[in-house]
>>> print(open('query37.cif').read())   # mmCIF, C-alpha atoms
data_input
loop_
_atom_site.label_atom_id
_atom_site.label_comp_id
_atom_site.auth_asym_id
_atom_site.auth_seq_id
_atom_site.Cartn_x
_atom_site.Cartn_y
_atom_site.Cartn_z
CA MET N 139 21.55 -10.33 17.78
CA PHE N 140 21.16 -10.69 14.02
CA SER N 141 18.84 -12.63 11.72
CA ILE N 142 20.74 -13.75 8.63
CA VAL N 143 18.59 -14.46 5.60
CA VAL N 144 19.97 -16.68 2.83
CA PRO N 145 17.73 -17.15 -0.23
CA LEU N 146 18.49 -20.49 -1.85
CA TYR N 147 17.74 -21.71 -5.35
CA ASN N 148 19.85 -24.39 -7.05
CA LYS N 149 23.18 -23.63 -5.36
CA GLU N 150 24.19 -27.15 -4.33
CA LYS N 151 27.86 -26.53 -5.14
CA SER N 152 28.28 -23.29 -3.20
CA VAL N 153 25.69 -23.02 -0.42
CA SER N 154 27.73 -25.07 2.05
CA ARG N 155 30.58 -22.55 1.74
CA ALA N 156 28.22 -19.63 2.39
CA ILE N 157 26.76 -21.30 5.48
CA LYS N 158 30.19 -22.35 6.76
CA THR N 159 31.38 -18.72 6.69
CA VAL N 160 28.32 -17.67 8.69
CA LEU N 161 28.70 -20.36 11.33
CA GLU N 162 32.40 -19.50 11.70
CA GLN N 163 31.83 -15.79 12.38
CA ASN N 164 33.73 -14.24 15.29
CA TYR N 165 30.41 -12.80 16.44
CA SER N 166 28.14 -15.76 17.15
CA ASN N 167 24.86 -14.30 18.43
CA PHE N 168 22.60 -14.84 15.43
CA GLU N 169 19.97 -17.00 13.80
CA LEU N 170 20.46 -18.24 10.25
CA ILE N 171 17.32 -18.47 8.13
CA ILE N 172 17.76 -20.39 4.88
CA VAL N 173 14.79 -19.98 2.54
CA ASN N 174 14.76 -22.79 -0.01
CA ASP N 175 12.97 -21.26 -2.99
CA GLY N 176 11.86 -24.50 -4.62
CA SER N 177 15.34 -25.77 -5.54
CA THR N 178 15.32 -28.62 -8.06
CA ASP N 179 18.90 -29.77 -7.44
CA ASN N 180 20.42 -31.13 -4.21
CA SER N 181 20.57 -27.78 -2.41
CA LEU N 182 18.04 -28.80 0.23
CA ASP N 183 19.87 -32.05 0.95
CA VAL N 184 23.10 -30.09 1.46
CA VAL N 185 21.64 -27.66 4.00
CA GLU N 186 19.67 -30.31 5.87
CA LYS N 187 22.95 -32.07 6.70
CA ILE N 188 24.14 -29.02 8.66
CA LYS N 189 23.49 -29.52 12.36
CA ASP N 190 23.44 -26.25 14.28
CA GLU N 191 20.66 -24.99 16.52
CA ARG N 192 20.99 -21.51 15.03
CA VAL N 193 19.95 -22.74 11.57
CA LYS N 194 16.31 -22.60 10.48
CA ILE N 195 15.24 -23.93 7.05
CA ILE N 196 12.06 -22.71 5.36
CA ASN N 197 10.78 -24.40 2.21
CA LYS N 198 8.55 -22.65 -0.32
CA LYS N 199 7.45 -22.87 -3.92
CA ASN N 200 9.74 -21.13 -6.38
CA GLY N 201 8.84 -17.47 -6.50
CA GLY N 202 12.13 -15.70 -7.03
CA VAL N 203 14.80 -14.20 -4.81
CA SER N 204 12.64 -11.28 -3.65
CA SER N 205 9.88 -13.53 -2.33
CA ALA N 206 12.50 -15.70 -0.60
CA ARG N 207 14.15 -12.73 1.10
CA ASN N 208 10.77 -11.31 2.12
CA LEU N 209 9.73 -14.60 3.69
CA GLY N 210 13.00 -14.70 5.59
CA VAL N 211 12.43 -11.17 6.90
CA GLU N 212 8.88 -12.08 7.90
CA ASN N 213 10.15 -15.05 9.93
CA ALA N 214 13.08 -13.23 11.53
CA SER N 215 12.90 -13.05 15.33
CA THR N 216 15.33 -10.14 15.74
CA ASP N 217 15.28 -6.45 14.85
CA TRP N 218 18.28 -6.62 12.50
CA ILE N 219 18.41 -8.42 9.16
CA CYS N 220 21.62 -9.37 7.38
CA PHE N 221 21.47 -10.83 3.88
CA LEU N 222 23.83 -13.27 2.22
CA ASP N 223 23.35 -14.81 -1.22
CA ALA N 224 23.93 -18.56 -1.28
CA ASP N 225 26.91 -18.38 -3.63
CA ASP N 226 28.63 -15.49 -1.83
CA TYR N 227 30.52 -15.65 1.44
CA TRP N 228 31.73 -13.66 4.43
CA LYS N 229 35.10 -13.17 6.04
CA PRO N 230 35.16 -14.16 9.75
CA ASN N 231 34.90 -10.57 11.03
CA HIS N 232 31.85 -9.46 9.02
CA LEU N 233 29.23 -9.56 11.79
CA GLU N 234 31.76 -8.38 14.34
CA ILE N 235 32.34 -5.17 12.37
CA ILE N 236 28.61 -4.63 11.80
CA ALA N 237 28.05 -4.95 15.57
CA GLU N 238 30.86 -2.47 16.25
CA LEU N 239 29.30 0.03 13.85
CA GLN N 240 25.92 -0.37 15.55
CA ASN N 241 27.43 0.35 18.96
CA LYS N 242 29.32 3.37 17.67
CA TYR N 243 26.57 4.89 15.47
CA GLN N 244 23.36 3.96 17.25
CA ASP N 245 20.96 6.03 15.13
CA GLY N 246 21.58 4.08 11.92
CA LYS N 247 18.99 1.95 10.15
CA ILE N 248 21.40 0.50 7.57
CA TYR N 249 24.90 -0.73 8.35
CA SER N 250 27.30 -2.08 5.79
CA THR N 251 30.84 -2.91 4.94
CA LEU N 252 31.89 -2.89 1.30
CA VAL N 253 31.86 -5.92 -0.91
CA CYS N 254 34.70 -7.51 -2.84
CA GLU N 255 34.22 -9.61 -5.93
CA ASN N 256 35.81 -12.92 -6.72
CA SER N 257 36.63 -13.32 -10.40
CA GLU N 258 39.29 -14.93 -12.55
CA LYS N 259 41.53 -12.05 -11.40
CA GLY N 260 41.13 -13.01 -7.75
CA VAL N 261 39.35 -11.18 -4.92
CA GLN N 262 39.24 -7.40 -5.36
CA PHE N 263 37.22 -4.44 -4.10
CA ILE N 264 34.27 -3.56 -6.31
CA GLU N 265 34.78 -0.03 -7.60
CA ASN N 266 33.53 2.67 -5.23
CA SER N 267 34.17 6.34 -4.50
CA LEU N 268 34.65 6.27 -0.73
CA PRO N 269 38.04 7.42 0.62
CA ASP N 270 40.40 4.76 1.93
CA ASP N 271 39.66 3.81 5.56
CA PHE N 272 36.28 5.58 5.43
CA GLU N 273 33.96 4.94 8.34
CA GLY N 274 30.81 6.89 9.14
CA TYR N 275 27.53 8.23 7.86
CA ILE N 276 26.61 8.19 4.17
CA ASN N 277 25.34 11.71 3.57
CA ASP N 278 24.92 11.68 -0.20
CA TYR N 279 24.11 8.12 -1.21
CA PHE N 280 22.87 8.83 -4.74
CA SER N 281 25.95 10.81 -5.67
CA LEU N 282 28.24 8.11 -4.31
CA ALA N 283 26.24 5.26 -5.86
CA SER N 284 26.69 6.69 -9.35
CA LYS N 285 30.44 6.25 -8.89
CA GLY N 286 30.48 2.72 -7.54
CA THR N 287 28.80 0.12 -5.33
CA ILE N 288 27.98 1.23 -1.77
CA PHE N 289 25.46 -1.39 -0.64
CA HIS N 290 25.30 -5.01 -1.74
CA SER N 291 22.81 -7.72 -0.88
CA SER N 292 25.56 -9.76 0.78
CA SER N 293 27.06 -6.92 2.84
CA VAL N 294 24.16 -4.96 4.37
CA CYS N 295 22.44 -5.18 7.72
CA VAL N 296 19.06 -3.43 7.82
CA SER N 297 16.49 -2.62 10.48
CA LYS N 298 13.57 -5.03 10.11
CA LYS N 299 11.16 -2.17 10.85
CA ALA N 300 12.71 -0.02 8.10
CA LEU N 301 12.46 -2.88 5.60
CA LEU N 302 8.80 -3.48 6.37
CA GLU N 303 8.05 0.24 6.09
CA VAL N 304 9.32 0.33 2.49
CA GLY N 305 7.59 -2.92 1.55
CA CYS N 306 10.73 -5.09 1.43
CA PHE N 307 11.75 -6.45 -2.00
CA ASP N 308 9.57 -6.00 -5.08
CA THR N 309 8.55 -9.51 -6.16
CA ASN N 310 7.79 -8.25 -9.68
CA LEU N 311 11.47 -7.52 -10.31
CA LYS N 312 14.07 -10.08 -11.35
CA HIS N 313 16.95 -7.64 -11.83
CA GLY N 314 17.75 -4.63 -9.66
CA GLU N 315 15.35 -5.66 -6.89
CA ASP N 316 18.05 -5.08 -4.27
CA LEU N 317 18.97 -1.64 -5.62
CA ASP N 318 15.28 -0.76 -5.60
CA VAL N 319 15.18 -1.45 -1.83
CA TRP N 320 18.32 0.63 -1.19
CA PHE N 321 16.62 3.49 -3.10
CA LYS N 322 13.55 3.36 -0.92
CA LEU N 323 15.50 2.99 2.31
CA MET N 324 17.82 5.88 1.56
CA MET N 325 14.92 8.29 1.03
CA ASN N 326 14.39 8.59 4.79
CA ASN N 327 16.92 6.49 6.72
CA ILE N 328 20.42 6.91 8.11
CA ALA N 329 23.16 4.64 6.79
CA VAL N 330 26.60 3.86 8.19
CA VAL N 331 29.41 2.28 6.17
CA LYS N 332 32.93 1.10 6.90
CA LYS N 333 35.23 0.74 3.91
CA THR N 334 36.56 -2.71 4.56
CA GLY N 335 35.89 -5.80 2.48
CA THR N 336 34.20 -8.42 4.65
CA ALA N 337 31.72 -9.79 2.09
CA VAL N 338 32.69 -11.49 -1.17
CA TYR N 339 30.47 -11.51 -4.25
CA ASP N 340 31.41 -14.55 -6.30
CA LEU N 341 31.22 -13.84 -10.02
CA LEU N 342 32.22 -17.45 -10.61
CA GLY N 343 29.26 -18.78 -8.64
CA GLU N 344 26.72 -21.15 -10.15
CA ASN N 345 23.40 -20.07 -11.60
CA ARG N 346 24.04 -16.35 -11.07
CA ALA N 347 21.00 -14.20 -11.83
CA MET N 348 23.22 -11.58 -13.49
CA ASN N 349 24.02 -14.13 -16.22
CA LEU N 350 20.37 -14.75 -17.07
CA LYS N 351 18.40 -12.72 -19.59
CA CYS N 352 15.77 -10.57 -17.91
CA MET N 353 12.54 -9.36 -19.50
CA TYR N 354 12.38 -5.56 -19.59
CA GLU N 355 9.22 -5.56 -17.46
CA LYS N 356 11.12 -7.49 -14.76
CA HIS N 357 14.08 -5.09 -14.73
CA LEU N 358 14.39 -2.05 -12.47
CA LEU N 359 14.66 0.00 -15.68
CA SER N 360 10.92 -0.46 -16.16
CA LYS N 361 10.04 1.47 -12.99
CA ILE N 362 13.02 3.65 -12.10
CA ASP N 363 11.59 6.74 -13.82
CA ASN N 364 8.75 6.67 -11.28
CA TYR N 365 11.17 7.89 -8.61
CA ARG N 366 11.97 11.17 -10.40
CA SER N 367 9.26 13.12 -8.59
CA ILE N 368 10.82 12.41 -5.17
CA LYS N 369 12.88 15.36 -3.93
CA VAL N 370 16.15 13.80 -2.79
CA PRO N 371 19.59 15.30 -3.60
CA ASN N 372 21.22 13.80 -6.70
CA LEU N 373 18.49 11.16 -7.15
CA ASN N 374 17.67 12.25 -10.70
CA GLU N 375 21.33 12.24 -11.67
CA PHE N 376 21.63 8.69 -10.40
CA ILE N 377 18.52 7.65 -12.34
CA ASP N 378 20.11 9.04 -15.52
CA TYR N 379 23.30 7.12 -14.80
CA TYR N 380 21.43 3.88 -14.14
CA ILE N 381 19.35 4.16 -17.31
CA LEU N 382 22.35 4.86 -19.53
CA ARG N 383 24.33 2.02 -17.98
CA ASN N 384 21.61 -0.62 -18.28
CA SER N 385 19.63 0.27 -21.41
CA VAL N 386 21.96 -0.84 -24.19
CA PRO N 387 20.98 -4.57 -24.31
CA TYR N 388 17.30 -3.60 -24.51
CA TYR N 389 17.85 -0.83 -27.08
CA PHE N 390 19.32 -3.38 -29.49
CA SER N 391 16.52 -5.89 -29.04
CA MET N 392 12.80 -6.29 -29.56
CA ASP N 393 12.32 -4.18 -26.41
CA LYS N 394 13.69 -1.02 -28.05
CA ASN N 395 10.28 0.67 -28.03
CA LYS N 396 9.95 -0.01 -24.30
CA VAL N 397 13.31 1.43 -23.27
CA TYR N 398 13.25 4.38 -25.70
CA PRO N 399 10.94 6.59 -23.55
CA VAL N 400 13.25 6.47 -20.53
CA LEU N 401 16.27 7.20 -22.74
CA TYR N 402 14.36 10.08 -24.28
CA ASN N 403 13.71 11.51 -20.82
CA VAL N 404 17.42 11.47 -20.08
CA LYS N 405 18.19 13.17 -23.37
CA GLU N 406 15.61 15.93 -22.81
CA LYS N 407 16.80 16.49 -19.26
CA LYS N 408 20.37 16.99 -20.48
CA LYS N 409 19.14 19.51 -23.06
CA GLN N 410 17.46 21.54 -20.30
CA ASN N 411 20.68 21.60 -18.32
#
>>> encode(input="query37.cif", output="structure tokens")
Amino acid sequence: MFSIVVPLYNKEKSVSRAIKTVLEQNYSNFELIIVNDGSTDNSLDVVEKIKDERVKIINKKNGGVSSARNLGVENASTDWICFLDADDYWKPNHLEIIAELQNKYQDGKIYSTLVCENSEKGVQFIENSLPDDFEGYINDYFSLASKGTIFHSSSVCVSKKALLEVGCFDTNLKHGEDLDVWFKLMMNNIAVVKKTGTAVYDLLGENRAMNLKCMYEKHLLSKIDNYRSIKVPNLNEFIDYYILRNSVPYYFSMDKNKVYPVLYNVKEKKKQN
């Protein structure tokens, strides 16, 4: 059985689609926890019209997506947590494939398919480095993650115990909070992935966090250097990649002095190599 956590904030136009794709899953043994994070539009009205005994709605003051996900995890009654953002959606076989992976690879703590993205070009795989038809253990996450998306907040299923052990989602972060959790989980846990697109990340969705400006202090950039001391293969190389990919908007802004030290660290590290 799965607990599906959907954080909800001002998604009145898309949340019904997300919920519909959950309720129409081929695998039906789940509870659906919708955490309304203080929505100011009609999102709550939309979800309250859905009548299904598997649906649980939790209302809270607005505190951000991390606090909403954490509250959902806290209230989950099962050992396995699946996440779905309110403007994304699943294909009918998503949970079915996750359950098959769990039965086949029983020592995993993270199970995932890959995510597609819906854009003006249509639905396509998000770039990744896994071979076609890959299924199995992820043995070098940080090397693979520097070449494309492996885990996504709408495609993963995670052990509740493992999530609690790493402290769940950092409520101080507004950008990269999901990647921060994958970092912490992949330090000590086994992950299993099947390269098939059963989750869809909707770039055209309303009120997407990726479209909002994020203060440097609320971005994963502000803390990612703290992970350098952890001895995990290819972690430092991934940190370099992440910093270089995400620093440009801050370098050409009033936050230049804040981002410069992490860029300097990358530069000095490359000199030593």
>>> residues_around(input="query37.cif", residues="Asn231 of chain N", least_positions_apart="3", cutoff="8 Å", atoms="all atoms listed in the file", output="JSON, numbers by chain")
{"N": [163, 164, 165, 228, 234, 235, 336]}
>>> residues_around(input="query37.cif", residues="Asp183 of chain N", least_positions_apart="5", cutoff="12 Å", atoms="only C-alpha atoms", output="compact mmCIF listing (two decimals) with C-alpha atoms, keeping the file's coordinate frame")
# COMPACT_ATOMS: atom_id res chain seq x y z
CA LEU N 146 18.49 -20.49 -1.85
CA ASN N 148 19.85 -24.39 -7.05
CA LYS N 149 23.18 -23.63 -5.36
CA GLU N 150 24.19 -27.15 -4.33
CA LYS N 151 27.86 -26.53 -5.14
CA VAL N 153 25.69 -23.02 -0.42
CA SER N 154 27.73 -25.07 2.05
CA ASN N 174 14.76 -22.79 -0.01
CA SER N 177 15.34 -25.77 -5.54
CA THR N 178 15.32 -28.62 -8.06
CA ILE N 188 24.14 -29.02 8.66
CA ILE N 195 15.24 -23.93 7.05
CA ASN N 197 10.78 -24.40 2.21
>>> resolve_selection(input="query37.cif", expression="the PyMOL selection byres ((chain N and resi 379-387) around 7)", output="number ranges by chain")
N: 284, 359, 375-378, 388-391, 397, 401
>>> write_last_selection(input="query37.cif", atoms="C-alpha atoms", output="compact mmCIF listing (two decimals), keeping the file's coordinate frame")
# COMPACT_ATOMS: atom_id res chain seq x y z
CA SER N 284 26.69 6.69 -9.35
CA LEU N 359 14.66 0.00 -15.68
CA GLU N 375 21.33 12.24 -11.67
CA PHE N 376 21.63 8.69 -10.40
CA ILE N 377 18.52 7.65 -12.34
CA ASP N 378 20.11 9.04 -15.52
CA TYR N 388 17.30 -3.60 -24.51
CA TYR N 389 17.85 -0.83 -27.08
CA PHE N 390 19.32 -3.38 -29.49
CA SER N 391 16.52 -5.89 -29.04
CA VAL N 397 13.31 1.43 -23.27
CA LEU N 401 16.27 7.20 -22.74
>>> closest_residue(input="query37.cif", among="N:Asp340, N:Asp363, N:Asp318, N:Glu212", to="Glu258 of chain N", atoms="only C-alpha atoms")
N:Asp340
>>> atom_distance(input="query37.cif", atom1="atom CA of Lys322 of chain N", atom2="atom CA of Val304 of chain N")
6.2 Å
>>> closest_residue(input="query37.cif", among="N:Tyr365, N:Tyr147, N:Phe321, N:Phe140", to="Val211 of chain N", atoms="only C-alpha atoms")
N:Phe140
>>> resolve_selection(input="query37.cif", expression="the PyMOL selection byres ((chain N and resi 252-254) around 10)", output="PyMOL selection string")
chain N and resi 228+250-251+255-257+260-266+268+287-294+331-340
>>> atom_distance(input="query37.cif", atom1="atom CA of Ala156 of chain N", atom2="atom CA of Trp320 of chain N")
22.8 Å
>>> closest_residue(input="query37.cif", among="N:Val144, N:Ala237, N:Leu311, N:Val185", to="Ser204 of chain N", atoms="all atoms listed in the file")
N:Leu311
>>> closest_residue(input="query37.cif", among="N:Leu209, N:Ile157, N:Val400, N:Leu282", to="Glu186 of chain N", atoms="all atoms listed in the file")
N:Ile157
>>> build_atoms(input="query37.cif", residues="segment 318-329 of chain N", atoms="all heavy atoms", output="PDB file, in the coordinates of the input")
ATOM      1  N   ASP N 318      16.576  -1.392  -5.815  1.00  0.00           N
ATOM      2  CA  ASP N 318      15.280  -0.760  -5.600  1.00  0.00           C
ATOM      3  C   ASP N 318      15.012  -0.568  -4.103  1.00  0.00           C
ATOM      4  O   ASP N 318      14.508   0.474  -3.671  1.00  0.00           O
ATOM      5  CB  ASP N 318      14.184  -1.627  -6.229  1.00  0.00           C
ATOM      6  CG  ASP N 318      12.797  -1.039  -6.079  1.00  0.00           C
ATOM      7  OD1 ASP N 318      12.596   0.115  -6.507  1.00  0.00           O
ATOM      8  OD2 ASP N 318      11.918  -1.723  -5.541  1.00  0.00           O
ATOM      9  N   VAL N 319      15.361  -1.562  -3.288  1.00  0.00           N
ATOM     10  CA  VAL N 319      15.180  -1.450  -1.830  1.00  0.00           C
ATOM     11  C   VAL N 319      16.122  -0.396  -1.252  1.00  0.00           C
ATOM     12  O   VAL N 319      15.728   0.403  -0.397  1.00  0.00           O
ATOM     13  CB  VAL N 319      15.406  -2.812  -1.144  1.00  0.00           C
ATOM     14  CG1 VAL N 319      15.443  -2.660   0.367  1.00  0.00           C
ATOM     15  CG2 VAL N 319      14.292  -3.767  -1.520  1.00  0.00           C
ATOM     16  N   TRP N 320      17.389  -0.386  -1.719  1.00  0.00           N
ATOM     17  CA  TRP N 320      18.320   0.630  -1.190  1.00  0.00           C
ATOM     18  C   TRP N 320      17.789   2.025  -1.517  1.00  0.00           C
ATOM     19  O   TRP N 320      17.911   2.940  -0.697  1.00  0.00           O
ATOM     20  CB  TRP N 320      19.726   0.456  -1.748  1.00  0.00           C
ATOM     21  CG  TRP N 320      20.307  -0.925  -1.816  1.00  0.00           C
ATOM     22  CD1 TRP N 320      21.215  -1.381  -2.720  1.00  0.00           C
ATOM     23  CD2 TRP N 320      20.056  -2.050  -0.950  1.00  0.00           C
ATOM     24  NE1 TRP N 320      21.534  -2.698  -2.505  1.00  0.00           N
ATOM     25  CE2 TRP N 320      20.835  -3.146  -1.413  1.00  0.00           C
ATOM     26  CE3 TRP N 320      19.238  -2.258   0.158  1.00  0.00           C
ATOM     27  CZ2 TRP N 320      20.817  -4.396  -0.805  1.00  0.00           C
ATOM     28  CZ3 TRP N 320      19.215  -3.512   0.764  1.00  0.00           C
ATOM     29  CH2 TRP N 320      19.989  -4.551   0.301  1.00  0.00           C
ATOM     30  N   PHE N 321      17.249   2.207  -2.732  1.00  0.00           N
ATOM     31  CA  PHE N 321      16.620   3.490  -3.100  1.00  0.00           C
ATOM     32  C   PHE N 321      15.624   3.907  -2.039  1.00  0.00           C
ATOM     33  O   PHE N 321      15.681   5.000  -1.483  1.00  0.00           O
ATOM     34  CB  PHE N 321      15.830   3.343  -4.407  1.00  0.00           C
ATOM     35  CG  PHE N 321      16.633   3.448  -5.664  1.00  0.00           C
ATOM     36  CD1 PHE N 321      17.999   3.612  -5.649  1.00  0.00           C
ATOM     37  CD2 PHE N 321      15.991   3.351  -6.886  1.00  0.00           C
ATOM     38  CE1 PHE N 321      18.716   3.699  -6.817  1.00  0.00           C
ATOM     39  CE2 PHE N 321      16.698   3.439  -8.075  1.00  0.00           C
ATOM     40  CZ  PHE N 321      18.059   3.614  -8.040  1.00  0.00           C
ATOM     41  N   LYS N 322      14.665   3.027  -1.805  1.00  0.00           N
ATOM     42  CA  LYS N 322      13.550   3.360  -0.920  1.00  0.00           C
ATOM     43  C   LYS N 322      14.020   3.594   0.515  1.00  0.00           C
ATOM     44  O   LYS N 322      13.525   4.495   1.198  1.00  0.00           O
ATOM     45  CB  LYS N 322      12.496   2.252  -0.984  1.00  0.00           C
ATOM     46  CG  LYS N 322      11.814   2.156  -2.354  1.00  0.00           C
ATOM     47  CD  LYS N 322      10.715   1.113  -2.391  1.00  0.00           C
ATOM     48  CE  LYS N 322      11.233  -0.293  -2.382  1.00  0.00           C
ATOM     49  NZ  LYS N 322      10.185  -1.307  -2.621  1.00  0.00           N
ATOM     50  N   LEU N 323      14.980   2.799   0.960  1.00  0.00           N
ATOM     51  CA  LEU N 323      15.500   2.990   2.310  1.00  0.00           C
ATOM     52  C   LEU N 323      16.228   4.312   2.462  1.00  0.00           C
ATOM     53  O   LEU N 323      16.098   4.995   3.487  1.00  0.00           O
ATOM     54  CB  LEU N 323      16.445   1.833   2.666  1.00  0.00           C
ATOM     55  CG  LEU N 323      15.802   0.479   2.961  1.00  0.00           C
ATOM     56  CD1 LEU N 323      16.868  -0.616   3.019  1.00  0.00           C
ATOM     57  CD2 LEU N 323      15.031   0.523   4.278  1.00  0.00           C
ATOM     58  N   MET N 324      16.988   4.686   1.443  1.00  0.00           N
ATOM     59  CA  MET N 324      17.820   5.880   1.560  1.00  0.00           C
ATOM     60  C   MET N 324      17.043   7.175   1.353  1.00  0.00           C
ATOM     61  O   MET N 324      17.611   8.264   1.456  1.00  0.00           O
ATOM     62  CB  MET N 324      18.991   5.807   0.574  1.00  0.00           C
ATOM     63  CG  MET N 324      20.033   4.769   0.966  1.00  0.00           C
ATOM     64  SD  MET N 324      20.620   4.941   2.678  1.00  0.00           S
ATOM     65  CE  MET N 324      21.455   6.535   2.597  1.00  0.00           C
ATOM     66  N   MET N 325      15.749   7.088   1.088  1.00  0.00           N
ATOM     67  CA  MET N 325      14.920   8.290   1.030  1.00  0.00           C
ATOM     68  C   MET N 325      14.785   8.927   2.420  1.00  0.00           C
ATOM     69  O   MET N 325      14.749  10.143   2.560  1.00  0.00           O
ATOM     70  CB  MET N 325      13.524   7.964   0.489  1.00  0.00           C
ATOM     71  CG  MET N 325      13.491   7.317  -0.874  1.00  0.00           C
ATOM     72  SD  MET N 325      14.065   8.385  -2.190  1.00  0.00           S
ATOM     73  CE  MET N 325      13.847   7.296  -3.609  1.00  0.00           C
ATOM     74  N   ASN N 326      14.714   8.063   3.461  1.00  0.00           N
ATOM     75  CA  ASN N 326      14.390   8.590   4.790  1.00  0.00           C
ATOM     76  C   ASN N 326      15.195   7.975   5.930  1.00  0.00           C
ATOM     77  O   ASN N 326      14.868   8.236   7.091  1.00  0.00           O
ATOM     78  CB  ASN N 326      12.896   8.353   5.089  1.00  0.00           C
ATOM     79  CG  ASN N 326      11.985   9.074   4.120  1.00  0.00           C
ATOM     80  OD1 ASN N 326      11.990  10.288   4.049  1.00  0.00           O
ATOM     81  ND2 ASN N 326      11.214   8.310   3.353  1.00  0.00           N
ATOM     82  N   ASN N 327      16.209   7.183   5.644  1.00  0.00           N
ATOM     83  CA  ASN N 327      16.920   6.490   6.720  1.00  0.00           C
ATOM     84  C   ASN N 327      18.406   6.822   6.745  1.00  0.00           C
ATOM     85  O   ASN N 327      18.982   7.239   5.744  1.00  0.00           O
ATOM     86  CB  ASN N 327      16.727   4.976   6.572  1.00  0.00           C
ATOM     87  CG  ASN N 327      15.312   4.534   6.880  1.00  0.00           C
ATOM     88  OD1 ASN N 327      14.889   4.554   8.027  1.00  0.00           O
ATOM     89  ND2 ASN N 327      14.565   4.152   5.851  1.00  0.00           N
ATOM     90  N   ILE N 328      19.009   6.621   7.908  1.00  0.00           N
ATOM     91  CA  ILE N 328      20.420   6.910   8.110  1.00  0.00           C
ATOM     92  C   ILE N 328      21.233   5.640   7.873  1.00  0.00           C
ATOM     93  O   ILE N 328      20.901   4.565   8.381  1.00  0.00           O
ATOM     94  CB  ILE N 328      20.667   7.415   9.549  1.00  0.00           C
ATOM     95  CG1 ILE N 328      19.965   8.769   9.748  1.00  0.00           C
ATOM     96  CG2 ILE N 328      22.160   7.538   9.847  1.00  0.00           C
ATOM     97  CD1 ILE N 328      19.969   9.246  11.179  1.00  0.00           C
ATOM     98  N   ALA N 329      22.304   5.780   7.104  1.00  0.00           N
ATOM     99  CA  ALA N 329      23.160   4.640   6.790  1.00  0.00           C
ATOM    100  C   ALA N 329      24.579   4.892   7.267  1.00  0.00           C
ATOM    101  O   ALA N 329      25.081   6.018   7.242  1.00  0.00           O
ATOM    102  CB  ALA N 329      23.164   4.375   5.288  1.00  0.00           C
TER     103      ALA N 329
END
